[in-house]
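Participant: Quick one: structure below, then a few questions.
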Number of protein chains: 2
Amino acid sequence: MSIIVKKFGGSSVKDIHRIKAIARRIVKEYKKGDHIVIVISAIGDTTDELYSLAHQITPFPSEREMDMLLSAGERISMSLLSMALNNFGFRAISFTGSQSGIITTNDHCNAKIKDIRAFRIKQELDRGKIVIVAGFQGVSENKEVTTLGRGGSDTTAVALACYLNADKCQIFTDVDGVFNANPDVIKKAKKFDKINFQEMLIMAYSGAKIIHPRAVEFAQKYQIPITICSSFNNNPGTLIYGNDKMEEVKFKAITDKQNLAIIKFSVKQAKLKHILELTNQKNLIFESFQQLNNNVIIITNETDSERIRHLLHDFNISEIFTESGLAEITLIGKSFTQNFAIINKLNSILTKNNINIKMLESRKLAISVFVNEKDKNKTVKLLYDNFIELCE
Amino acid sequence: MSIIVKKFGGSSVKDIHRIKAIARRIVKEYKKGDHIVIVISAIGDTTDELYSLAHQITPFPSEREMDMLLSAGERISMSLLSMALNNFGFRAISFTGSQSGIITTNDHCNAKIKDIRAFRIKQELDRGKIVIVAGFQGVSENKEVTTLGRGGSDTTAVALACYLNADKCQIFTDVDGVFNANPDVIKKAKKFDKINFQEMLIMAYSGAKIIHPRAVEFAQKYQIPITICSSFNNNPGTLIYGNDKMEEVKFKAITDKQNLAIIKFSVKQAKLKHILELTNQKNLIFESFQQLNNNVIIITNETDSERIRHLLHDFNISEIFTESGLAEITLIGKSFTQNFAIINKLNSILTKNNINIKMLESRKLAISVFVNEKDKNKTVKLLYDNFIELCE
């Protein structure tokens with residue numbers, strides 16, 4: 001008998017209607033005779049709403065209490081899904097991160113899974129029950145509730161598949177699989193049948209929201225194949241697996257990200273270390289961070305940017321340059337670091353089309369340009385036509 | 001140094017503004033140098049909303065999953081209150097029922113507290129922290145999340161006061177204390193400075209929503225004095241304490257309750273036992289239950305009445321008489337059981353005023369009349385004027 005781990009994200013369980021639909025789908029699979037473990041996220045925007053409640057109280061809530069707060073979200077979705085399965089006549093049981101034995105480090109809001117003591121899950125699977133596990137959350141060794149950070153449910157699913165030695169790990173989402181560009185922008189974007197871990201990792205880091213980069217890293221480390229598929233249809237999806245070397249000449253995919261801000265300032269080395277420690281402690285996320293002598297450039301999301309400015313002011317840094325409303329477009333597929341011809345081509349295409357490049361960052365296997373949000377879709381289209389399509 | 005247990009219900013923490021106000025109030029008390037333990041309910045109507053979500057999925061949700069669902073409510077309120085206290089510069093920590101060591105029976109949705117292993121609470125109090133405990137919830141010995149049923153937060157507060165050997169137990173609510181009639185109906189209703197356990201217990205059972213009867217029973221058993229006071233002002237409130245015998249001649253108070261339904265049906269003894277077992281199992285609450293030969297009368301709230309009818313139909317009981325939209329008015333204070341003079345007086349007053357008595361129930365220290373909801377306030381006023389005021 002196989003063990004199948006299925007993860008359903010917030011959009012798959014956004015209301016009672018969807019929860020019932022998911023339950024129907026699970027029941028069909030269960031009838032085939034497999035052991036089913038469901039990893040579930042909070043309903044729709046619950047996590048964001050709870051996050052916002054906390055920030056109505058204080059700009060820097062205690063992370064220990066934040067974990068207590070956010071972990072309420074999955075309790076709601078998992079118990080409702082369990083009731084829906086019961087209602088269809090199937091035995092199901094929901095478990096919190098703690099009851100599932102997901103032991104994490106004590107880093108509140110950003111904990112790492114250390115171990116999964118899944119004996120309760122195994123016991124209930126053996127009893128023929130469908131087991132529902134709260135994604136995103138765990139418990140530290142000193143019995144504190146922890147969360148794994150954004151995208152944590154993906155990590156829960158992959159880690160569970162690993163510890164349970166599952167036969168399949170499926171991430172259900174609201175699109176059909178992994179595309180070579182954002183299908184909302186590029187109508188002709190193509191779905192991958194298969195993509196390797198390294199490619200998926202770069203895409204995930206540079207804006208493909210389909211799976212969280214940490215989950216991909218975990219899967220790559222333990223070589224767990226993952227299928228990304230839609231919770232709305234039965235199309236085959238995309239298999240993420242293997243380490244095939246990428247062909248040097250091919251541009252593979254393009255990703256985009258928005259609501260970004262650039263913060264620039266000058267600061268002495270010693271002070272910077274202090275600032276970085278504090279931002280880390282306050283769990284502010286940098287998308288990118290560069291330092292040239294005493295000049296610092298931080299790329300971050302707009303929500304955190306306000307809080308980072310706040311913090312810099314506390315350090316008496318008055319000359320802060322901030323630009324928000326930015327988008328990042330990333331071209332993935334070959335080594336750009338020393339490839340000036342590609343950078344020149346990219347530059348000339350965008351300039352010719354009156355797109356102002358705010359910043360350009362090239363790294364191994366990916367190159368990113370930062371432009372105004374209004375130019376995002378135009379940039380994606382230009383780069384898709386000139387790089388992805390031309391190279392096929 | 002004293003230990004003070006303070007319980008804040010849903011109306012005291014109905015939004016972010018109120019949570020901040022409560023935090024300010026707690027800080028003032030903390031500064032006096034006492035150890036403060038807060039027991040908190042879910043925000044406003046959260047519990048009702050979660051309850052309704054479950055019933056959108058199935059009329060009879062699994063009670064184990066219901067507990068998982070409902071226990072999310074206090075996580076939200078307690079972590080937000082803790083953040084608010086932190087934000088004012090005070091150290092606070094929130095604990096779930098499980099982390100607080102509230103060990104219960106395994107009766108989901110209606111668990112009883114068996115023990116409180118409050119070592120984590122004591123440890124944090126010793127470290128100078130304000131401790132916030134999730135009301136209404138606990139954990140069974142086999143590590144399952146349980147809830148204590150409606151009014152469970154009151155019970156948590158009283159039980160904690162008992163196990164922590166607290167000096168004070170204060171229940172904060174949205175009124176100034178315990179009144180001798182519903183102040184919404186009787187403007188001249190008087191607040192008690194003190195009331196004994198027995199009196200409070202009858203009032204709580206017959207509609208005074210200020211404190212849950214189970215909490216009063218617990219307090220009476222262990223002789224824990226309780227103060228009921230407003231979370232909106234600093235008025236002294238009502239002290240519930242002692243067992244002074246009630247004076248025989250005095251009518252003490254009047255309570256009222258609405259949204260009730262009467263269900264009448266005929267059934268064989270054996271079948272009835274079965275029905276009662278099943279309703280108990282489904283956690284349907286009877287306010288009152290009478291059996292005369294094979295005729296059964298059930299008084300219940302309107303929400304449960306639909307579900308009880310549903311269940312009776314499953315038992316092939318077709319002749320069911322139901323009347324809903326009823327109110328119960330209870331006169332408290334002396335033995336009515338054999339006191340026909342009082343019953344006659346009550347009957348004649350209501351009849352003279354064209355109020356149709358649907359049912360009358362007399363018991364030790366209380367007499368209840370059931371009338372149409374539209375006659376509720378009129379009945380309360382008539383009984384107040386003719387019994388309470390005349391006897392002062």
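Residue names in the structure tokens use chain letters A, B, ... in the order shown, residue numbers from 1 in each chain, and ligand numbers from 1 in the order shown.
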Check which residues of chain A sit at most 6 Å from chain B using only C-alpha atoms, and return one row each with the closest pair of atoms and their distance in Å to one decimal, ordered by chain and rising number, as a Markdown table.
Facilitator:
| residue | atom | partner | partner_atom | distance |
| --- | --- | --- | --- | --- |
| A:Ile57 | CA | B:Ala84 | CA | 5.9 |
| A:Pro61 | CA | B:Met83 | CA | 5.7 |
| A:Glu65 | CA | B:Ser79 | CA | 5.0 |
| A:Leu69 | CA | B:Ile76 | CA | 5.0 |
| A:Ala72 | CA | B:Ala72 | CA | 4.7 |
| A:Arg75 | CA | B:Leu69 | CA | 5.7 |
| A:Ile76 | CA | B:Leu69 | CA | 5.0 |
| A:Ser79 | CA | B:Glu65 | CA | 5.0 |
| A:Met83 | CA | B:Pro61 | CA | 5.8 |
| A:Ala84 | CA | B:Ile57 | CA | 5.9 |
Participant: Please, could you write that set of residues out with N, CA and C atoms as a CSV table (one decimal), in the first residue's frame?
Facilitator:
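And here's part_25.csv as it stands now:
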chain,number,residue,atom,x,y,z
A,57,ILE,N,-1.7,46.2,16.5
A,57,ILE,CA,-1.4,46.3,17.9
A,57,ILE,C,0.0,46.9,18.0
A,61,PRO,N,5.5,42.9,16.6
A,61,PRO,CA,5.0,41.9,17.6
A,61,PRO,C,6.0,40.9,18.0
A,65,GLU,N,4.7,35.1,20.2
A,65,GLU,CA,3.2,35.3,20.2
A,65,GLU,C,2.6,35.3,18.8
A,69,LEU,N,-0.4,33.0,17.4
A,69,LEU,CA,-1.5,33.6,16.6
A,69,LEU,C,-1.7,32.9,15.3
A,72,ALA,N,-3.2,29.4,14.7
A,72,ALA,CA,-4.7,29.2,14.8
A,72,ALA,C,-5.3,28.9,13.4
A,75,ARG,N,-5.6,25.2,12.2
A,75,ARG,CA,-6.6,24.5,13.1
A,75,ARG,C,-7.9,24.6,12.5
A,76,ILE,N,-8.3,25.8,12.0
A,76,ILE,CA,-9.6,26.0,11.5
A,76,ILE,C,-9.8,25.2,10.2
A,79,SER,N,-9.6,21.1,10.8
A,79,SER,CA,-10.8,20.5,11.4
A,79,SER,C,-12.0,20.5,10.5
A,83,MET,N,-14.1,17.3,9.2
A,83,MET,CA,-15.6,17.1,9.3
A,83,MET,C,-16.2,16.8,8.0
A,84,ALA,N,-15.7,17.4,6.9
A,84,ALA,CA,-16.2,17.2,5.6
A,84,ALA,C,-16.0,15.8,5.1
Participant: Quick one: everything within 6 Å of segment 351-360 of chain B, counting only C-alpha atoms, minus sequence neighbours fewer than 3 positions away in the same chain. Send it as a list in words.
Facilitator: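 Once the adjacent positions are removed, what remains is Ser348, Ser368, Val369, Phe370 and Val371 of chain B.
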Participant: May I ask for the distance between atom CA of Arg24 of chain B and atom CA of Ile211 of chain B, given in Å to one decimal place?
Facilitator: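 Here the two named atoms are 23.9 Å from each other.
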Participant: Just list the residues in segment 30-165 of chain A DSSP gives strand (DSSP E or B) on the backbone, as a PyMOL selection string.
Facilitator: chain A and resi 35-40+92-95+102-104+113-116+130-134+137-140+145-147
Participant: Identify, with DSSP run on backbone atoms, the residues in segment 184-319 of chain B assigned to helix (DSSP H, G or I), and express the list as a ChimeraX atom specification.
Facilitator: /B:197-205,213-222,269-281,302-314
